[in-house]
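Participant: This is the structure I have questions about; it appears just below.
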4 protein chains.
Amino acid sequence: MIIVLRPHTSSEQVEHIVERIEQLGFRAHLSQGELRTIIGVIGDESKLQVEPLAAIPGVEQVLPVLKPFKLASREFHAQESIVLVGRVRIGGGSLAMIAGPCAVENAEILDEIAGRVKSAGANILRGGAFKPRTSPYTFQGLGEDGLRILHDVGKVHGMPVVTEVMDPRQVEIVDRYADMFQIGARNMQNFDLLKEVGQARKPVLLKRGLSASVKDLLMSAEYILAEGNHQVVLCERGVRSFEESTRNMLDLAAVPNVKGQSHLPIIVDPSHATGRPDLIPAMARAAVAAGADGVHVEVHSCPEKALSDGPQALLPAQYAILMGDLRKLAEVFGKIIP
Amino acid sequence: MIIVLRPHTSSEQVEHIVERIEQLGFRAHLSQGELRTIIGVIGDESKLQVEPLAAIPGVEQVLPVLKPFKLASREFHAQESIVLVGRVRIGGGSLAMIAGPCAVENAEILDEIAGRVKSAGANILRGGAFKPRTSPYTFQGLGEDGLRILHDVGKVHGMPVVTEVMDPRQVEIVDRYADMFQIGARNMQNFDLLKEVGQARKPVLLKRGLSASVKDLLMSAEYILAEGNHQVVLCERGVRSFEESTRNMLDLAAVPNVKGQSHLPIIVDPSHATGRPDLIPAMARAAVAAGADGVHVEVHSCPEKALSDGPQALLPAQYAILMGDLRKLAEVFGKIIP
Amino acid sequence: MIIVLRPHTSSEQVEHIVERIEQLGFRAHLSQGELRTIIGVIGDESKLQVEPLAAIPGVEQVLPVLKPFKLASREFHAQESIVLVGRVRIGGGSLAMIAGPCAVENAEILDEIAGRVKSAGANILRGGAFKPRTSPYTFQGLGEDGLRILHDVGKVHGMPVVTEVMDPRQVEIVDRYADMFQIGARNMQNFDLLKEVGQARKPVLLKRGLSASVKDLLMSAEYILAEGNHQVVLCERGVRSFEESTRNMLDLAAVPNVKGQSHLPIIVDPSHATGRPDLIPAMARAAVAAGADGVHVEVHSCPEKALSDGPQALLPAQYAILMGDLRKLAEVFGKIIP
Amino acid sequence: MIIVLRPHTSSEQVEHIVERIEQLGFRAHLSQGELRTIIGVIGDESKLQVEPLAAIPGVEQVLPVLKPFKLASREFHAQESIVLVGRVRIGGGSLAMIAGPCAVENAEILDEIAGRVKSAGANILRGGAFKPRTSPYTFQGLGEDGLRILHDVGKVHGMPVVTEVMDPRQVEIVDRYADMFQIGARNMQNFDLLKEVGQARKPVLLKRGLSASVKDLLMSAEYILAEGNHQVVLCERGVRSFEESTRNMLDLAAVPNVKGQSHLPIIVDPSHATGRPDLIPAMARAAVAAGADGVHVEVHSCPEKALSDGPQALLPAQYAILMGDLRKLAEVFGKIIP
């Protein structure tokens, strides 16, 4: 950590700061510039907090040198991690193609959609049983019935299933039916929920929050990893911005950005990011070209009758065409779609 | 709701759309423009969802006419609501002055701070027992011990207390010790938590999320109101922006913006919004001048030793000066600080 | 245009609004809902302004139905436009590969870079002679000397050249040396400058402003088109966001988003968008996969000695590898790089 | 400046970096931590650029220590500057009350508005003659005719006038008629325009750009100051954000934020910031309470007939009520409205 002092700091102030640093078990290394004095703090930075240091009189800025996450970092684990969902490998050149409706509505519809996406090349089935909805008056999901339907339909089609968990009290029941937990964007910093899935032994799909930086996303992954669950897949799904013509702004640079700092796989969800079926295929192709470890797409056989998030779903036929493109791209970059 | 059709929509498409609207129990009112056909949907809009309509072929835009919240709206309840925390009234010209440390660290420190803020004019004591922290490696709060200390110190000083609840499973225990629940910014859309405090019978301080619009904030309040708990106080505490020199961007216009649409009281937290003690007093004064129903300020007797969020706290002496200014402002606008 | 009235609007107010609409030469079409009255305004919407209508007492919202741009729209010109820069076609399946240093520093360095990017496959040379710099104390460009060097080096290598124009008074001189004007992000809404290049007869590369929506970008293009210059190429180069680890946030969804609404070609600049050479190749690949009509990359043989924007430049060898990837992607999508 | 090296940097790399620093005329001060080596660069930082240093292999981060602006800083000029517009002092406890219509439409209307705002207490008259409009098809201002009307009406009412200049070629003519130049938000980084008004000898009202940070604003002021014009007044007028219910987001914390770093006066424009007359008074009051040196408000006697930006204007009667509140606030804080 580097501490930059204000100009004209008195020597008593400097001494007080050095004392505080040493009380905390660190060494201080002074460097007197022409206009500012700078103090290098030497020791294990992960045990140090910026805030209290910044509050010491005479301190202008506190600059952390190290990344605040450890287990998620490339420095801790140089090789790319591979996460196994059922028999589907995510990472290391193997691409997750997650598809399905926003919400599980009933077994017939889900079965039809699953059959269609599976034959198009999807390898993991998604569907929500607990739905985080902005309004208390809209469809909130089928709950355990939805989980059961999802599990059974997945089994019929030989696809592992992923579904959202919103509340720490739901972790146990979701664990019973799903092959992968999904933590939604709104819950990325629901730290009690992160700890709870961290204690489970199933892979977690962790979606980036609407105003979360890449560093925040990796810090949330750290919560799960710190509890002992190392099977975390990140998901870029757009952040909030001033651009009104799309639902969110897809930050595709997050893909190489994460890969440079972390060993965790990262996939992309162009459905929630754009909210517009006319933009989803282009963004799905871009995701694979950017190096993503998979693509998460909402597919519904009749979006206009869907109970939730209708218009951001592709039709099965559109998805099949998209998958054709993605297969070609995977080939160009030497990746496989298991 | 208004449905705008794409140019050159066929009459079959128009009929299909009208059919769908009528199936949903609404009436359709066509209006043929020169370049576009527009359909007015007549009926109880709160039962209608935008998404599935937007997915019907031929539909270009779906424009909701009514606000999506009801119980929180001025139309539902024209007069300003007053929320009672202990004996302190919030709203209707009565200002909440909430102060205290970020986290409860121990009884001595809290007692000292409580004494100082009380004598400066604060009327509600705050302090965190459960802390949402970005990093899993930093201080996470004292839990129930912290709650007990907060409760006891509040009692000694005759101040009702407010503290954050992060997990639906904590609602019961927090209810035992606190006079008001706080829902933090990161949990503003933790819908299960909202429902849980909605079933409690204590006032709730609901903080705006980092990327939540004013409408989102009111929709989250609606979740609590819909469960039967009408004692909701909103809190503007800054949103995420590109400006790096402050922790968040305080959206003070949210105060009159909320007051125009809703009967719920709204207070302002300049501590989290700015993260800088040099900016807090100016923003607190601005909040009262903008019509806020109170101000929430972090105060610590030694920010450099605080276990959490040190530098965003004022010293007790700074808080006392600020309260002097706020009293004068309250007088100018005919408000009282109980 | 649709006008939504407030609840309980008196019939006098409604009459007054209808009168105003008719005074402006439009017809009004009333539609009485249960809770709101809605007025459809029928006539040529491009002559109507939202603002004065919104100010009429009783009006709650004014919703424009049509896009505010015309000449830039697909409705005006259904087929994709092709812009010719020298002999290089941009659009219609033909990709611009624009490369070169941020600023023209001297003839030797530019000649070396031009040779390297040309042999790697670039088809247009870039280099700044007038530099918009945040600080008045940093290198501001070589001015006319820089233009002359750029022109001469382009000629030697058989590459048309593009360079930024910042001031309406520079249009004439830039026109003398360059094959394409560039309007930088900071000048996207410098309307006098837009009009001036609109009166020239050379292609314009119009970069998206740091806080411009896709609609704003198309409106700025409309300024140029309205002056009679139809050779406009748009450029997505990232917008400002809360994410601090990249210089800007690349909004790649703007590519299909623009293509759905406009016939103008759009290219992508991953150099300014990310500011990080480790992210540029992935974003360049993603741009082509998303359907962009070209890629604009800064290349410098020694970024650490560059006088401006050093670290966002690729080395010539890195650019050559990237061009290999882009050629493969172009082939997958049936595009050519002339 | 502080240079943080990547872990495991070779000693050759370190030597190379030190060499580069010394070639640039600075001294390097090494500090070997446990995990990172840090180099302090000692010398006049304002002559150093971050970018080329960041491009040297082995460099992870370059952290500037000093502020990039000089003439605008408190360190250069400790006391608050006072800017004189006609006989009106801005700064040092004296508040500018700037009011008038968005655009000058004709002499009669302007005269009426001027009379009304003057008698309410406004001390500077505003009105646009050159209008930056998003659409090329909307009213672009009266040009020199507008300037003449503004000048004459100002004279009649004894009010100095301020008006926007959009193009360096307009500086001369605006100088002839106006008492203060206004640089609009869209031109905050139109550096040629900044230099041009920097060479004039009239005060400049510099508005913050829609995506400009406080630092960017001060850097743009620096451009004007560096040309020798020291009469700069800053204006906070909102930045672009995801919040759709207001036109922009007013960043009122910019007021104390600027005052802590700079000696320049700063005023607030709640009209453009909110775009909503129901929010303007509350934000004007908050601005004065936050310590602003003035308030800039659009006033029109008939917003529904205004040729530009109608609904963001107050009516003269609303303005008079607001001025009553602002006078009371000025008194509380010991300020005067000349």
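In the structure tokens, chains take letters A, B, ... by order of appearance, with residues numbered from 1 within each chain and ligands from 1 in the order shown.
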Based on only C-alpha atoms, which of the residues in chain D come within 6 Å of chain B? I want them as an mmCIF file with all heavy atoms, in the first residue's frame.
Facilitator:
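Below is the file iface01.cif, written as the result:
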data_model
loop_
_atom_site.group_PDB
_atom_site.id
_atom_site.type_symbol
_atom_site.label_atom_id
_atom_site.label_comp_id
_atom_site.auth_asym_id
_atom_site.auth_seq_id
_atom_site.Cartn_x
_atom_site.Cartn_y
_atom_site.Cartn_z
ATOM 1 N N SER D 213 -15.627 14.543 -15.530
ATOM 2 C CA SER D 213 -15.383 14.492 -14.096
ATOM 3 C C SER D 213 -15.057 15.899 -13.605
ATOM 4 O O SER D 213 -14.807 16.806 -14.408
ATOM 5 C CB SER D 213 -14.211 13.555 -13.812
ATOM 6 O OG SER D 213 -13.036 14.109 -14.353
ATOM 7 N N GLU D 243 -30.518 7.292 -14.706
ATOM 8 C CA GLU D 243 -31.822 7.700 -14.173
ATOM 9 C C GLU D 243 -32.599 8.408 -15.279
ATOM 10 O O GLU D 243 -32.206 9.472 -15.746
ATOM 11 C CB GLU D 243 -31.613 8.632 -12.982
ATOM 12 C CG GLU D 243 -32.883 9.256 -12.425
ATOM 13 C CD GLU D 243 -33.894 8.250 -11.904
ATOM 14 O OE1 GLU D 243 -33.598 7.548 -10.939
ATOM 15 O OE2 GLU D 243 -34.991 8.147 -12.504
ATOM 16 N N PRO D 256 -18.834 21.619 -3.195
ATOM 17 C CA PRO D 256 -17.741 21.616 -2.210
ATOM 18 C C PRO D 256 -16.489 20.913 -2.739
ATOM 19 O O PRO D 256 -15.373 21.260 -2.332
ATOM 20 C CB PRO D 256 -18.345 20.866 -1.010
ATOM 21 C CG PRO D 256 -19.503 20.093 -1.557
ATOM 22 C CD PRO D 256 -20.027 20.890 -2.718
ATOM 23 N N LEU D 279 -38.849 20.282 -10.053
ATOM 24 C CA LEU D 279 -37.668 19.960 -9.246
ATOM 25 C C LEU D 279 -36.695 21.134 -9.123
ATOM 26 O O LEU D 279 -35.819 21.143 -8.261
ATOM 27 C CB LEU D 279 -36.926 18.763 -9.862
ATOM 28 C CG LEU D 279 -37.743 17.501 -10.129
ATOM 29 C CD1 LEU D 279 -36.847 16.404 -10.697
ATOM 30 C CD2 LEU D 279 -38.437 16.999 -8.872
ATOM 31 N N ALA D 282 -36.334 23.225 -5.591
ATOM 32 C CA ALA D 282 -35.662 22.477 -4.522
ATOM 33 C C ALA D 282 -34.171 22.381 -4.795
ATOM 34 O O ALA D 282 -33.344 22.509 -3.880
ATOM 35 C CB ALA D 282 -36.272 21.074 -4.395
ATOM 36 N N ARG D 285 -32.425 25.784 -4.140
ATOM 37 C CA ARG D 285 -32.221 25.990 -2.702
ATOM 38 C C ARG D 285 -31.048 25.137 -2.197
ATOM 39 O O ARG D 285 -30.207 25.606 -1.432
ATOM 40 C CB ARG D 285 -33.493 25.614 -1.923
ATOM 41 C CG ARG D 285 -34.674 26.546 -2.183
ATOM 42 C CD ARG D 285 -35.801 26.316 -1.191
ATOM 43 N NE ARG D 285 -36.246 24.935 -1.141
ATOM 44 C CZ ARG D 285 -37.342 24.455 -1.757
ATOM 45 N NH1 ARG D 285 -38.110 25.248 -2.487
ATOM 46 N NH2 ARG D 285 -37.658 23.194 -1.649
ATOM 47 N N ALA D 286 -31.026 23.882 -2.660
ATOM 48 C CA ALA D 286 -29.947 22.983 -2.230
ATOM 49 C C ALA D 286 -28.590 23.519 -2.683
ATOM 50 O O ALA D 286 -27.595 23.398 -1.968
ATOM 51 C CB ALA D 286 -30.194 21.578 -2.793
ATOM 52 N N ALA D 289 -27.461 26.170 -0.329
ATOM 53 C CA ALA D 289 -27.107 25.546 0.949
ATOM 54 C C ALA D 289 -25.796 24.778 0.847
ATOM 55 O O ALA D 289 -25.063 24.631 1.823
ATOM 56 C CB ALA D 289 -28.229 24.624 1.415
ATOM 57 N N ALA D 290 -25.473 24.277 -0.350
ATOM 58 C CA ALA D 290 -24.228 23.531 -0.541
ATOM 59 C C ALA D 290 -23.033 24.455 -0.716
ATOM 60 O O ALA D 290 -21.897 23.999 -0.802
ATOM 61 C CB ALA D 290 -24.358 22.605 -1.759
#
Participant: Write out as a ChimeraX atom specification the residues lying within 12 Å of Asp192 in chain C, counting only C-alpha atoms and excluding same-chain residues fewer than 4 positions away.
Facilitator: /C:166-169,171,183,187-188,196-199,220,223-224,227 /D:130-134,136,140,165-170,186-187,190,193
Participant: Mind checking which residues fall within 9 Å of Pro57 in chain A, counting only C-alpha atoms, ignoring those fewer than 5 positions away in the same chain, and posting them as a list in words?
Facilitator: Gln13 and Ile17 of chain A; Glu304 of chain B
Participant: Would you output that residue set with N, CA and C atoms, as an mmCIF file, in the first residue's frame?
Facilitator:
data_model
loop_
_atom_site.group_PDB
_atom_site.id
_atom_site.type_symbol
_atom_site.label_atom_id
_atom_site.label_comp_id
_atom_site.auth_asym_id
_atom_site.auth_seq_id
_atom_site.Cartn_x
_atom_site.Cartn_y
_atom_site.Cartn_z
ATOM 1 N N GLN A 13 3.042 14.813 12.329
ATOM 2 C CA GLN A 13 2.019 14.033 11.611
ATOM 3 C C GLN A 13 2.649 12.811 10.944
ATOM 4 N N ILE A 17 1.762 8.826 11.671
ATOM 5 C CA ILE A 17 1.348 7.871 10.635
ATOM 6 C C ILE A 17 2.245 6.636 10.656
ATOM 7 N N GLU B 304 -9.787 7.009 12.405
ATOM 8 C CA GLU B 304 -8.606 6.248 12.000
ATOM 9 C C GLU B 304 -8.460 4.935 12.740
#
Participant: Which residues are close to range 143-157 of chain B, i.e. within 8 Å by only C-alpha atoms, leaving aside same-chain residues fewer than 6 positions away? Reply as a count of residues only.
Facilitator: 20
Participant: What gap, in Å, lies between CA of Tyr137 in chain B and CA of Glu164 in chain B?
Facilitator: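 Computing it gives 19.7 Å between the two atoms.
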Participant: Skipping near chain neighbours, those fewer than 3 positions away, what residues fall within 6 Å of Arg74 in chain B using only C-alpha atoms, listed as JSON, numbers by chain?
Facilitator: {"B": [77, 78, 261, 262, 263]}
Participant: Write out as JSON, numbers by chain which residues come within 7 Å of Lys335 in chain A when counting only C-alpha atoms, dropping same-chain ones fewer than 5 positions away.
Facilitator: {"A": [93, 94, 330]}
Participant: Quick check, in Å to one decimal: how far apart do CA of Leu206 in chain C and CA of Gly324 in chain C lie?
Facilitator: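 A separation of 26.9 Å between them.
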Participant: Range 71-293 of chain A: which residues are helix (DSSP H, G or I) by DSSP, as a PyMOL selection string?
Facilitator: chain A and resi 107-120+144-157+168-177+185-187+191-199+214-226+254-261+270-274+280-289
Participant: Taking the DSSP assignment computed from this structure's backbone, write out as a list in words all residues of range 181-262 of chain C that belong to strand (DSSP E).
Facilitator: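 Matching residues, listed in order: Phe181, Gln182, Ile183, Val204, Leu205, Leu206, Lys207, Val232, Val233, Leu234, Cys235 and Glu236 of chain C.
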Participant: Could you check how far CA of Val62 in chain C sits from CA of Ala54 in chain B, in Å to one decimal?
Facilitator: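 Taking CA of Val62 in chain C and CA of Ala54 in chain B, their separation equals 20.0 Å.
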Participant: Which residue is closest to Gly40 in chain B? Choose from C:Met323, C:Val161, C:Ile2, C:Leu53 and count only C-alpha atoms.
Facilitator: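 Among the listed residues, the smallest separation from Gly40 in chain B belongs to C:Ile2.
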